[in-house]
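Pasting data.cif here (mmCIF, C-alpha atoms):
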data_protein
#
loop_
_atom_site.label_atom_id
_atom_site.label_comp_id
_atom_site.auth_asym_id
_atom_site.auth_seq_id
_atom_site.Cartn_x
_atom_site.Cartn_y
_atom_site.Cartn_z
CA MET A 1 99.22 95.94 86.95
CA ALA A 2 100.80 92.71 88.15
CA PRO A 3 98.53 90.09 89.76
CA PRO A 4 98.09 90.40 93.54
CA LEU A 5 100.83 89.10 95.76
CA THR A 6 99.93 86.54 98.37
CA GLN A 7 99.47 88.57 101.53
CA THR A 8 98.84 87.42 105.08
CA ILE A 9 97.41 90.03 107.47
CA ARG A 10 97.58 89.53 111.22
CA PHE A 11 97.19 91.67 114.33
CA CYS A 12 99.24 92.26 117.47
CA THR A 13 98.91 94.51 120.50
CA THR A 14 101.43 97.09 121.68
CA ARG A 15 102.55 97.49 125.27
CA ASP A 16 100.15 100.44 125.61
CA GLY A 17 97.19 98.44 124.33
CA VAL A 18 96.90 99.54 120.68
CA ARG A 19 96.06 96.84 118.11
CA ILE A 20 98.38 96.98 115.09
CA ALA A 21 97.75 95.31 111.71
CA PHE A 22 100.77 93.83 109.94
CA ALA A 23 101.23 91.88 106.71
CA SER A 24 103.86 89.70 105.07
CA THR A 25 104.63 89.15 101.40
CA GLY A 26 107.37 87.26 99.57
CA GLN A 27 109.85 84.67 100.80
CA GLY A 28 113.39 84.78 102.12
CA ALA A 29 115.32 86.70 104.76
CA PRO A 30 113.08 89.09 106.71
CA LEU A 31 112.93 92.78 105.85
CA VAL A 32 110.77 94.98 108.09
CA ARG A 33 109.45 98.28 106.75
CA ALA A 34 108.97 100.74 109.59
CA ALA A 35 105.53 102.34 109.29
CA HIS A 36 105.26 105.72 107.63
CA PHE A 37 102.32 108.00 106.95
CA LEU A 38 99.61 107.14 104.42
CA THR A 39 99.35 103.35 104.24
CA HIS A 40 96.45 100.91 104.25
CA LEU A 41 97.34 97.22 104.18
CA ASP A 42 94.02 96.28 102.63
CA GLY A 43 94.47 98.60 99.67
CA ASP A 44 98.20 99.01 99.10
CA LEU A 45 98.56 95.90 96.93
CA GLY A 46 96.21 97.50 94.42
CA SER A 47 97.98 100.84 94.56
CA PRO A 48 99.74 102.32 91.49
CA VAL A 49 102.03 104.12 93.98
CA TRP A 50 102.87 101.63 96.78
CA ARG A 51 102.41 98.32 94.97
CA PRO A 52 105.66 98.70 92.96
CA TRP A 53 107.53 99.36 96.21
CA ILE A 54 106.07 96.20 97.75
CA ASP A 55 107.01 94.19 94.65
CA GLU A 56 110.61 95.40 94.78
CA LEU A 57 111.08 94.95 98.53
CA SER A 58 109.50 91.45 98.45
CA ARG A 59 111.97 90.15 95.87
CA GLU A 60 113.85 87.22 97.47
CA ARG A 61 112.77 88.49 100.91
CA THR A 62 109.90 88.25 103.32
CA LEU A 63 108.68 91.82 103.57
CA ILE A 64 106.84 92.67 106.77
CA ARG A 65 105.00 95.96 106.81
CA TYR A 66 102.34 97.39 109.08
CA ASP A 67 99.85 100.22 109.47
CA GLY A 68 100.95 102.56 112.24
CA ARG A 69 98.56 103.38 115.05
CA GLY A 70 95.58 105.39 113.86
CA CYS A 71 96.06 104.40 110.21
CA GLY A 72 94.73 101.75 107.83
CA LEU A 73 93.61 98.57 109.57
CA SER A 74 95.26 99.43 112.90
CA ASP A 75 93.27 100.84 115.81
CA ARG A 76 91.98 104.38 115.43
CA THR A 77 93.20 105.85 118.69
CA ASP A 78 93.57 109.11 120.57
CA ALA A 79 96.72 107.82 122.32
CA PRO A 80 99.67 110.24 122.27
CA LEU A 81 101.74 110.35 119.10
CA ALA A 82 105.49 110.49 119.66
CA LEU A 83 108.64 108.45 119.05
CA ASP A 84 108.07 106.00 121.90
CA ALA A 85 104.55 105.25 120.65
CA TRP A 86 105.78 104.58 117.10
CA LEU A 87 108.60 102.43 118.46
CA ALA A 88 106.04 100.45 120.46
CA ASP A 89 104.22 99.67 117.19
CA LEU A 90 107.40 98.39 115.55
CA GLU A 91 108.48 96.40 118.62
CA ALA A 92 105.09 94.70 118.84
CA VAL A 93 105.22 93.69 115.17
CA VAL A 94 108.75 92.30 115.48
CA GLU A 95 107.74 90.19 118.48
CA ALA A 96 104.49 88.96 116.92
CA ALA A 97 106.31 88.00 113.72
CA GLY A 98 108.82 85.97 115.76
CA LEU A 99 111.85 87.74 114.35
CA ASP A 100 115.32 87.45 115.83
CA ARG A 101 117.61 89.25 113.39
CA PHE A 102 116.39 91.14 110.36
CA ALA A 103 117.02 94.08 108.03
CA LEU A 104 115.11 97.34 108.46
CA PHE A 105 113.76 99.70 105.81
CA GLY A 106 112.54 103.23 106.45
CA CYS A 107 111.19 106.01 104.29
CA SER A 108 109.97 109.47 105.29
CA GLN A 109 109.37 109.59 109.08
CA GLY A 110 109.64 105.80 109.13
CA ALA A 111 113.38 106.39 108.82
CA ALA A 112 113.47 108.11 112.22
CA VAL A 113 111.63 105.19 113.82
CA ALA A 114 113.94 102.68 112.13
CA VAL A 115 117.06 104.60 113.21
CA ALA A 116 115.88 104.74 116.82
CA TYR A 117 115.04 101.02 116.78
CA ALA A 118 118.44 100.11 115.32
CA ALA A 119 120.19 102.17 118.01
CA ARG A 120 118.17 100.63 120.84
CA HIS A 121 118.18 97.04 119.54
CA PRO A 122 121.58 96.61 117.83
CA GLU A 123 121.58 92.86 118.44
CA ARG A 124 118.57 92.45 116.13
CA VAL A 125 119.21 94.72 113.14
CA THR A 126 121.51 93.39 110.40
CA ALA A 127 121.25 96.41 108.09
CA LEU A 128 119.26 99.61 107.61
CA ALA A 129 118.17 101.06 104.25
CA ILE A 130 116.60 104.52 104.06
CA ILE A 131 114.90 106.35 101.17
CA GLY A 132 113.65 109.93 101.52
CA GLY A 133 114.03 109.89 105.28
CA TYR A 134 114.88 112.29 108.08
CA VAL A 135 115.89 112.05 111.73
CA ARG A 136 114.86 115.58 112.78
CA GLY A 137 111.51 117.24 112.21
CA LEU A 138 110.99 120.77 110.97
CA LEU A 139 111.19 122.34 114.43
CA HIS A 140 114.74 121.01 114.83
CA ARG A 141 115.99 122.33 111.47
CA GLN A 142 116.16 126.02 112.43
CA PRO A 143 113.09 126.85 110.30
CA THR A 144 112.56 130.32 108.89
CA PRO A 145 109.37 132.26 109.69
CA GLN A 146 108.21 131.51 106.14
CA GLN A 147 108.70 127.76 106.63
CA LEU A 148 106.75 127.85 109.90
CA LYS A 149 103.94 129.75 108.20
CA GLU A 150 103.82 127.19 105.39
CA ALA A 151 103.72 124.33 107.91
CA LYS A 152 100.83 125.97 109.75
CA LEU A 153 98.97 126.47 106.47
CA LEU A 154 99.43 122.80 105.58
CA LEU A 155 97.99 121.75 108.95
CA ASP A 156 94.98 124.01 108.39
CA LEU A 157 94.42 122.48 104.95
CA VAL A 158 94.55 118.98 106.45
CA GLU A 159 92.06 119.80 109.20
CA ILE A 160 89.65 121.49 106.78
CA GLY A 161 89.85 119.35 103.69
CA TRP A 162 91.21 115.89 104.53
CA GLY A 163 87.82 114.24 104.96
CA GLN A 164 85.87 116.10 102.25
CA ASP A 165 84.62 114.46 99.08
CA SER A 166 86.34 117.13 97.02
CA GLU A 167 90.01 116.40 96.27
CA ALA A 168 90.98 120.08 96.06
CA PHE A 169 92.53 120.36 99.53
CA ARG A 170 94.15 116.94 99.49
CA GLN A 171 95.66 117.68 96.09
CA VAL A 172 98.01 120.19 97.74
CA PHE A 173 99.41 117.48 99.97
CA THR A 174 99.63 114.98 97.11
CA SER A 175 101.61 117.45 95.00
CA LEU A 176 104.34 117.54 97.66
CA PHE A 177 104.64 113.75 97.67
CA ILE A 178 104.36 112.85 93.99
CA PRO A 179 104.65 115.97 91.78
CA GLY A 180 105.49 113.66 88.88
CA GLY A 181 102.47 111.42 89.36
CA THR A 182 100.21 110.33 86.51
CA PRO A 183 96.51 111.24 86.74
CA GLU A 184 95.79 107.71 88.00
CA GLN A 185 98.52 107.86 90.67
CA THR A 186 97.41 111.32 91.76
CA ARG A 187 93.76 110.30 92.09
CA TRP A 188 94.71 107.21 94.05
CA PHE A 189 96.97 109.13 96.43
CA ASN A 190 94.27 111.73 97.00
CA GLU A 191 91.84 108.96 97.96
CA LEU A 192 94.41 107.20 100.17
CA GLU A 193 94.71 110.33 102.27
CA ARG A 194 90.99 110.23 103.00
CA LEU A 195 90.88 106.48 103.69
CA SER A 196 94.09 106.01 105.64
CA CYS A 197 93.15 108.06 108.70
CA SER A 198 90.80 110.74 110.05
CA PRO A 199 91.48 114.46 109.54
CA GLU A 200 92.11 114.84 113.27
CA HIS A 201 94.64 112.01 113.34
CA ALA A 202 96.34 113.31 110.19
CA ALA A 203 96.77 116.76 111.73
CA ARG A 204 98.07 115.32 115.03
CA THR A 205 100.48 113.07 113.15
CA ILE A 206 101.92 115.81 110.97
CA ALA A 207 102.34 118.08 114.00
CA ALA A 208 104.13 115.29 115.89
CA PHE A 209 106.50 114.73 112.95
CA GLY A 210 107.75 118.29 113.38
CA SER A 211 108.98 117.53 116.91
CA LEU A 212 110.88 114.33 116.04
CA ASP A 213 114.62 114.30 116.71
CA VAL A 214 116.60 111.06 116.86
CA SER A 215 119.98 112.58 116.04
CA ASP A 216 121.56 111.15 119.19
CA GLU A 217 120.25 107.67 118.37
CA ALA A 218 121.62 108.00 114.83
CA ARG A 219 125.13 108.46 116.20
CA ARG A 220 124.81 105.13 118.03
CA VAL A 221 123.74 103.01 115.04
CA ARG A 222 126.33 100.33 114.34
CA CYS A 223 124.85 98.22 111.54
CA PRO A 224 125.58 98.84 107.82
CA VAL A 225 123.45 101.76 106.61
CA LEU A 226 122.40 102.92 103.14
CA VAL A 227 120.84 106.39 102.81
CA MET A 228 119.20 107.43 99.53
CA HIS A 229 117.43 110.72 98.84
CA ALA A 230 115.89 112.45 95.84
CA ARG A 231 117.68 115.65 94.91
CA GLY A 232 114.41 117.46 94.19
CA ASP A 233 112.31 116.03 97.06
CA LEU A 234 109.59 118.61 97.81
CA ARG A 235 108.45 117.03 101.09
CA VAL A 236 111.76 116.25 102.85
CA PRO A 237 114.74 118.39 101.80
CA PHE A 238 117.72 116.67 100.21
CA ASP A 239 119.96 118.02 102.97
CA GLU A 240 118.09 115.91 105.51
CA GLY A 241 119.31 112.77 103.75
CA ARG A 242 122.85 114.14 103.82
CA HIS A 243 122.35 114.91 107.51
CA ILE A 244 121.45 111.29 108.32
CA ALA A 245 124.45 109.91 106.45
CA GLY A 246 126.73 112.38 108.23
CA LEU A 247 125.53 111.30 111.67
CA ILE A 248 125.88 107.53 111.18
CA GLU A 249 129.45 106.27 111.06
CA GLY A 250 130.19 104.46 107.80
CA ALA A 251 126.79 105.18 106.22
CA ARG A 252 126.72 105.14 102.43
CA PHE A 253 124.88 108.04 100.76
CA VAL A 254 123.36 107.76 97.27
CA PRO A 255 121.58 110.76 95.65
CA ILE A 256 118.54 109.97 93.47
CA ASP A 257 117.62 111.94 90.34
CA SER A 258 113.96 112.61 91.11
CA ARG A 259 111.53 115.28 92.33
CA ASN A 260 109.22 112.75 93.99
CA HIS A 261 109.25 112.08 97.71
CA VAL A 262 107.66 108.71 96.88
CA LEU A 263 109.53 107.23 93.92
CA LEU A 264 107.22 106.27 91.08
CA GLN A 265 107.57 103.14 88.96
CA GLN A 266 107.63 104.95 85.62
CA GLU A 267 110.54 107.27 86.44
CA PRO A 268 114.08 106.29 85.37
CA ALA A 269 115.44 106.38 88.93
CA PHE A 270 112.99 103.82 90.31
CA ALA A 271 114.47 100.51 89.12
CA GLY A 272 118.06 101.52 89.78
CA SER A 273 117.29 102.77 93.29
CA PHE A 274 115.66 99.53 94.39
CA ALA A 275 118.39 97.48 92.72
CA THR A 276 120.85 99.43 94.88
CA VAL A 277 118.82 98.59 97.98
CA ARG A 278 118.77 94.87 97.10
CA ARG A 279 122.53 94.79 96.48
CA PHE A 280 123.17 96.58 99.76
CA LEU A 281 121.01 94.13 101.71
CA ALA A 282 122.64 91.14 99.99
CA ASP A 283 126.10 92.45 100.86
CA ALA A 284 125.03 92.96 104.47
CA ASP A 285 123.69 89.40 104.60
CA ALA A 286 127.02 88.07 103.34
CA VAL A 287 129.04 89.59 106.19
CA ASP A 288 126.44 89.39 108.93
CA ALA A 289 127.41 87.57 112.11
CA PRO A 290 125.45 87.08 115.32
CA LEU A 291 126.24 89.94 117.66
CA SER A 292 127.03 89.35 121.31
CA PRO A 293 126.94 92.47 123.49
CA LEU A 294 130.68 92.85 122.86
CA PHE A 295 130.23 93.05 119.08
CA THR A 296 127.54 95.74 119.33
CA ARG A 297 130.33 98.06 120.50
CA LEU A 298 132.03 97.87 117.11
CA SER A 299 131.37 100.31 114.30
CA PRO A 300 130.69 98.96 110.78
CA GLY A 301 134.29 99.84 109.86
CA GLU A 302 135.65 97.97 112.86
CA ARG A 303 133.55 94.93 111.99
CA ALA A 304 134.98 94.98 108.46
CA LEU A 305 138.46 95.08 109.94
CA LEU A 306 137.60 92.19 112.28
CA GLU A 307 136.44 90.14 109.31
CA LEU A 308 139.88 90.59 107.74
CA LEU A 309 141.57 89.68 111.01
CA ALA A 310 139.47 86.52 111.27
CA GLN A 311 140.50 85.59 107.73
CA GLY A 312 144.11 85.52 108.94
CA ARG A 313 145.37 88.70 107.32
CA ASP A 314 148.25 90.59 108.89
CA ASN A 315 148.32 94.36 109.40
CA LEU A 316 150.17 95.03 106.14
CA GLN A 317 147.61 93.03 104.13
CA ILE A 318 144.72 94.74 105.93
CA ALA A 319 146.27 98.14 105.24
CA ALA A 320 146.52 97.34 101.53
CA HIS A 321 142.94 96.03 101.42
CA LEU A 322 141.46 99.06 103.19
CA GLY A 323 143.72 101.68 101.65
CA LEU A 324 145.12 102.75 105.05
CA SER A 325 148.60 103.13 106.47
CA GLU A 326 149.98 100.25 108.53
CA LYS A 327 150.20 102.54 111.57
CA THR A 328 146.51 103.45 111.24
CA VAL A 329 145.61 99.76 111.04
CA ARG A 330 147.65 99.02 114.18
CA ASN A 331 145.74 101.72 116.04
CA LYS A 332 142.39 100.44 114.79
CA VAL A 333 143.27 96.85 115.69
CA SER A 334 144.19 97.97 119.21
CA ALA A 335 140.84 99.76 119.49
CA VAL A 336 139.02 96.58 118.43
CA PHE A 337 140.96 94.57 121.03
CA GLY A 338 139.85 97.01 123.69
CA LYS A 339 136.18 96.82 122.74
CA LEU A 340 136.29 93.02 122.59
CA GLU A 341 138.14 92.88 125.90
CA VAL A 342 140.98 90.72 124.55
CA ALA A 343 144.75 91.14 124.89
CA THR A 344 146.10 89.32 121.84
CA ARG A 345 145.45 88.87 118.16
CA ALA A 346 144.88 85.15 118.66
CA GLN A 347 142.18 85.78 121.26
CA ALA A 348 140.44 88.26 118.95
CA ILE A 349 140.50 85.80 116.05
CA VAL A 350 139.06 82.96 118.14
CA LEU A 351 136.27 85.19 119.45
CA ALA A 352 135.51 86.51 115.96
CA ARG A 353 135.41 83.07 114.34
CA GLU A 354 133.09 81.75 117.06
CA ALA A 355 130.74 84.63 116.17
CA GLY A 356 130.79 83.74 112.47
CA TYR A 357 133.49 86.05 111.11
CA GLY A 358 136.28 84.90 108.80
CA LYS A 359 134.13 83.13 106.20
CA GLY A 360 136.15 84.57 103.31
CA LYS A 361 139.31 82.89 102.04
CA PRO A 362 142.52 83.99 103.76
CA PRO A 363 145.22 85.45 101.50
CA PRO A 364 147.89 83.09 100.14
CA GLY A 365 150.98 82.62 102.26
#
Could you render the structure from this file as C-alpha cells?
Amino acid sequence: MAPPLTQTIRFCTTRDGVRIAFASTGQGAPLVRAAHFLTHLDGDLGSPVWRPWIDELSRERTLIRYDGRGCGLSDRTDAPLALDAWLADLEAVVEAAGLDRFALFGCSQGAAVAVAYAARHPERVTALAIIGGYVRGLLHRQPTPQQLKEAKLLLDLVEIGWGQDSEAFRQVFTSLFIPGGTPEQTRWFNELERLSCSPEHAARTIAAFGSLDVSDEARRVRCPVLVMHARGDLRVPFDEGRHIAGLIEGARFVPIDSRNHVLLQQEPAFAGSFATVRRFLADADAVDAPLSPLFTRLSPGERALLELLAQGRDNLQIAAHLGLSEKTVRNKVSAVFGKLEVATRAQAIVLAREAGYGKGKPPPG
C-alpha cells in the first residue's frame, strides 16, 4: 500500500449543535465529498477499500471529506436523521473550510445530499460527480413485497449482529457492497462496519435512507453533472443511476462494468472510472465562471451557448458548433436573454464577459 497521505483533521459544529470531523488531503482546487455511510477519518487512509478512492480524488485537488453525524470521529448522537440533518453536516464543513466555490462528489446516499446541496446553493457548486448514487430511497421506488421483506431482514441483521465480535452477520452487508472483494478487503470492510457507528445508529441510518427523495431538487440542479453507475451494483440498482441522469438537465451518464457498489482498485473499471471523473472536473473548471443570481437561472446547455455568444459567434456558427438548426439557436438565445434580463445581443455579451465567459478564441472573420 502507498505511504500515508498528509491528512489534517479538524472539527466544526452544525447549526443543531452536532460536532463534525472533517479532513483534507492533496492540493489544488477544492473537491468536497458528501458524507456517505461507513467511513472513519482516522482509519480510511489505511483502508484497502477507501484509500484508493482518496488517492484518486486527491490528485491535483484538495479533497475535503468528513464523517457524517453518528459515524467515525463525529459526535455519536441521537439527533434525528433526515435530509436536513445531513445537509447541515455538509454546510457546516463548507463554512469551516472557508470554501466559496467548489466541486462536489457523491456516492451512495451521499449523492442525494450532494444533489440537494447543489440545488439549494447553486452559486457555490461548480460541478457535481456521482458514482453509485441515488436520489430516492427504497420506499419511493415502488418496492415489491419481496423487496420490503428483504429490507426488513437486513435491518434485523444490522440490529442483531452489527456490534458482535463474529463477522457472520456483517458479512451479509459487506457482500452487497463489495461482492468482488479480496479476503483482505472483505475483512477490513466487516471491521469498518463495527467501528464506524453503533448498531442502533446503523439501523436508524439505513431506515432513514429508505425515506430519502430529492427528485425535485435534482430537477433544479444547474451545474455540470456526471453520473456513473455499475451495471451489476447489488446495493443500489443500476436504474437509479439512470434515474438521476434523467432528472438533471444536461447530465452525462456513464455505465461502469462492475458488480461492486464500492469500486475496488484491482478491478479493470477502477482506473478508467476515476480518470473520467478527473477529466470531467477539469473540463468544468475550464468553463466555470462566477455565478450571479441571474446566471443560476441558466441550465448547463444555456451556459454553453452563452460561452459561444461571449466568444463573438453568430447564430449560424453556434448552430454548427452545437449541431442544432439556426431557428433552434435563435429560440435558445432569446430564452437566455430573458433569463439574463437583457434586450440585445450586445448587452448579453457584456454581462457574460464581466462574469468570466468568452475566454475561448472567437472564430475567424
Could you list, as an mmCIF file with C-alpha atoms, in the frame of the given file, every residue within 7 Å of range 207-222 of chain A, counting only C-alpha atoms and ignoring same-chain residues fewer than 2 positions away?
data_model
loop_
_atom_site.group_PDB
_atom_site.id
_atom_site.type_symbol
_atom_site.label_atom_id
_atom_site.label_comp_id
_atom_site.auth_asym_id
_atom_site.auth_seq_id
_atom_site.Cartn_x
_atom_site.Cartn_y
_atom_site.Cartn_z
ATOM 1 C CA LEU A 81 101.740 110.350 119.100
ATOM 2 C CA ALA A 82 105.490 110.490 119.660
ATOM 3 C CA LEU A 83 108.640 108.450 119.050
ATOM 4 C CA ALA A 112 113.470 108.110 112.220
ATOM 5 C CA VAL A 115 117.060 104.600 113.210
ATOM 6 C CA ALA A 116 115.880 104.740 116.820
ATOM 7 C CA ALA A 118 118.440 100.110 115.320
ATOM 8 C CA ALA A 119 120.190 102.170 118.010
ATOM 9 C CA PRO A 122 121.580 96.610 117.830
ATOM 10 C CA VAL A 135 115.890 112.050 111.730
ATOM 11 C CA ARG A 136 114.860 115.580 112.780
ATOM 12 C CA GLY A 137 111.510 117.240 112.210
ATOM 13 C CA LEU A 138 110.990 120.770 110.970
ATOM 14 C CA LEU A 139 111.190 122.340 114.430
ATOM 15 C CA HIS A 140 114.740 121.010 114.830
ATOM 16 C CA ALA A 203 96.770 116.760 111.730
ATOM 17 C CA ARG A 204 98.070 115.320 115.030
ATOM 18 C CA THR A 205 100.480 113.070 113.150
ATOM 19 C CA PRO A 224 125.580 98.840 107.820
ATOM 20 C CA LEU A 247 125.530 111.300 111.670
ATOM 21 C CA ILE A 248 125.880 107.530 111.180
ATOM 22 C CA THR A 296 127.540 95.740 119.330
ATOM 23 C CA LEU A 298 132.030 97.870 117.110
ATOM 24 C CA SER A 299 131.370 100.310 114.300
ATOM 25 C CA PRO A 300 130.690 98.960 110.780
#
Legend entry - Contacts of range 327-341 of chain A at 10 Å (all atoms listed in the file; same-chain gap of 3+ positions) as a PyMOL selection string: chain A and resi 293-299+301-303+305-306+309+314-320+322-324+344-345+347-348+351-352
Could those residues be written to a file, using C-alpha atoms, as an mmCIF file, keeping the file's coordinate frame?
data_model
loop_
_atom_site.group_PDB
_atom_site.id
_atom_site.type_symbol
_atom_site.label_atom_id
_atom_site.label_comp_id
_atom_site.auth_asym_id
_atom_site.auth_seq_id
_atom_site.Cartn_x
_atom_site.Cartn_y
_atom_site.Cartn_z
ATOM 1 C CA PRO A 293 126.940 92.470 123.490
ATOM 2 C CA LEU A 294 130.680 92.850 122.860
ATOM 3 C CA PHE A 295 130.230 93.050 119.080
ATOM 4 C CA THR A 296 127.540 95.740 119.330
ATOM 5 C CA ARG A 297 130.330 98.060 120.500
ATOM 6 C CA LEU A 298 132.030 97.870 117.110
ATOM 7 C CA SER A 299 131.370 100.310 114.300
ATOM 8 C CA GLY A 301 134.290 99.840 109.860
ATOM 9 C CA GLU A 302 135.650 97.970 112.860
ATOM 10 C CA ARG A 303 133.550 94.930 111.990
ATOM 11 C CA LEU A 305 138.460 95.080 109.940
ATOM 12 C CA LEU A 306 137.600 92.190 112.280
ATOM 13 C CA LEU A 309 141.570 89.680 111.010
ATOM 14 C CA ASP A 314 148.250 90.590 108.890
ATOM 15 C CA ASN A 315 148.320 94.360 109.400
ATOM 16 C CA LEU A 316 150.170 95.030 106.140
ATOM 17 C CA GLN A 317 147.610 93.030 104.130
ATOM 18 C CA ILE A 318 144.720 94.740 105.930
ATOM 19 C CA ALA A 319 146.270 98.140 105.240
ATOM 20 C CA ALA A 320 146.520 97.340 101.530
ATOM 21 C CA LEU A 322 141.460 99.060 103.190
ATOM 22 C CA GLY A 323 143.720 101.680 101.650
ATOM 23 C CA LEU A 324 145.120 102.750 105.050
ATOM 24 C CA THR A 344 146.100 89.320 121.840
ATOM 25 C CA ARG A 345 145.450 88.870 118.160
ATOM 26 C CA GLN A 347 142.180 85.780 121.260
ATOM 27 C CA ALA A 348 140.440 88.260 118.950
ATOM 28 C CA LEU A 351 136.270 85.190 119.450
ATOM 29 C CA ALA A 352 135.510 86.510 115.960
#
Legend entry - For Arg259 in chain A, the nearest of the candidates A:Val32, A:Ala230, A:Leu73, A:Ala282, counting all atoms listed in the file: A:Ala230
Legend entry - Point-to-point distance from CA of Trp188 in chain A to CA of Tyr134 in chain A, Å rounded to tenths: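 Here the two named atoms are 25.1 Å from each other.
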Legend entry - For CA of Gly358 in chain A and CA of Leu308 in chain A, the interatomic separation in Å (one decimal):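 A separation of 6.8 Å between them.
Atom to atom, CA of Val225 in chain A and CA of His321 in chain A stand 21.0 Å apart.
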Inset, instruction - Starting from the displayed file, determine the output of the PyMOL selection byres ((chain A and resi 180) around 9) and express the residue list as a ChimeraX atom specification. - result: /A:175,177-179,181-182,186,258-260,264,267
Inset, instruction - Show me as a ChimeraX atom specification the residues that reach within 9 Å of (95.5, 126.5, 100.6), counting all atoms listed in the file and using the file's own coordinates. - result: /A:153-154,156-157,169,172
Output the residue selection produced by the PyMOL selection byres ((chain A and resi 285) around 10) on the file above, formatted as a compact mmCIF listing (two decimals) with C-alpha atoms, in the coordinates of the input.
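See selection08.txt below for the written result:
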# COMPACT_ATOMS: atom_id res chain seq x y z
CA ALA A 29 115.32 86.70 104.76
CA PHE A 102 116.39 91.14 110.36
CA ALA A 103 117.02 94.08 108.03
CA THR A 126 121.51 93.39 110.40
CA ALA A 127 121.25 96.41 108.09
CA ARG A 279 122.53 94.79 96.48
CA PHE A 280 123.17 96.58 99.76
CA LEU A 281 121.01 94.13 101.71
CA ALA A 282 122.64 91.14 99.99
CA ASP A 283 126.10 92.45 100.86
CA ALA A 284 125.03 92.96 104.47
CA ALA A 286 127.02 88.07 103.34
CA VAL A 287 129.04 89.59 106.19
CA ASP A 288 126.44 89.39 108.93
CA ALA A 289 127.41 87.57 112.11
Could you write out as a compact mmCIF listing (two decimals) with C-alpha atoms, in the frame of the given file the residues that the PyMOL selection byres ((chain A and resi 110) around 10) matches in the shown file?
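Output file expr11.txt is given in full below:
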# COMPACT_ATOMS: atom_id res chain seq x y z
CA ARG A 33 109.45 98.28 106.75
CA ALA A 34 108.97 100.74 109.59
CA ALA A 35 105.53 102.34 109.29
CA HIS A 36 105.26 105.72 107.63
CA PHE A 37 102.32 108.00 106.95
CA GLY A 68 100.95 102.56 112.24
CA TRP A 86 105.78 104.58 117.10
CA LEU A 87 108.60 102.43 118.46
CA PHE A 105 113.76 99.70 105.81
CA GLY A 106 112.54 103.23 106.45
CA CYS A 107 111.19 106.01 104.29
CA SER A 108 109.97 109.47 105.29
CA GLN A 109 109.37 109.59 109.08
CA ALA A 111 113.38 106.39 108.82
CA ALA A 112 113.47 108.11 112.22
CA VAL A 113 111.63 105.19 113.82
CA ALA A 114 113.94 102.68 112.13
CA VAL A 115 117.06 104.60 113.21
CA ALA A 116 115.88 104.74 116.82
CA ILE A 130 116.60 104.52 104.06
CA ILE A 131 114.90 106.35 101.17
CA GLY A 132 113.65 109.93 101.52
CA GLY A 133 114.03 109.89 105.28
CA TYR A 134 114.88 112.29 108.08
CA VAL A 135 115.89 112.05 111.73
Inset, instruction - Using all atoms listed in the file, pick whichever of A:Pro255, A:Glu193, A:Arg69, A:Asp55 has the shortest atom-to-atom distance to Glu240 in chain A. - result: A:Pro255
Inset, instruction - Would you mind listing what lies within 8 Å of His40 in chain A as a list in words, with all atoms listed in the file counted and same-chain residues fewer than 3 positions away left out? - result: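 Listed by chain and then number, they are Gly43, Asp44, Asp67, Cys71, Gly72, Leu73, Leu192, Leu195 and Ser196 of chain A.
The residue set within 8 Å of Arg252 in chain A, counting all atoms listed in the file and dropping same-chain residues fewer than 6 places from it, reads A:Val225, A:Leu226, A:Val227, A:Ala245.
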Legend entry - Selection: 10 Å around Glu200 in chain A, all atoms listed in the file, excl. self and same-chain fewer than 4 positions, as an MDAnalysis selection string: chainID A and resid 78 158:160 162:163 204:205
Inset, instruction - Compute the distance from (114.8, 90.4, 111.7) to each atom, counting only C-alpha atoms, keep the residues with any atom at most 7 Å away, and return them as a ChimeraX atom specification; use the coordinates of the file. - result: /A:30-31,99-103,124-125
If you keep C-alpha atoms, can you produce a file of those selected residues as a short mmCIF file (atom, residue, chain, number, x, y, z; two decimals), in the coordinates of the input?
data_model
loop_
_atom_site.label_atom_id
_atom_site.label_comp_id
_atom_site.auth_asym_id
_atom_site.auth_seq_id
_atom_site.Cartn_x
_atom_site.Cartn_y
_atom_site.Cartn_z
CA PRO A 30 113.08 89.09 106.71
CA LEU A 31 112.93 92.78 105.85
CA LEU A 99 111.85 87.74 114.35
CA ASP A 100 115.32 87.45 115.83
CA ARG A 101 117.61 89.25 113.39
CA PHE A 102 116.39 91.14 110.36
CA ALA A 103 117.02 94.08 108.03
CA ARG A 124 118.57 92.45 116.13
CA VAL A 125 119.21 94.72 113.14
#
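Using all atoms listed in the file for every distance, the candidate list A:Val49, A:Ala88, A:Ala96, A:Ala269 yields A:Val49 as the residue closest to Asn190 in chain A.
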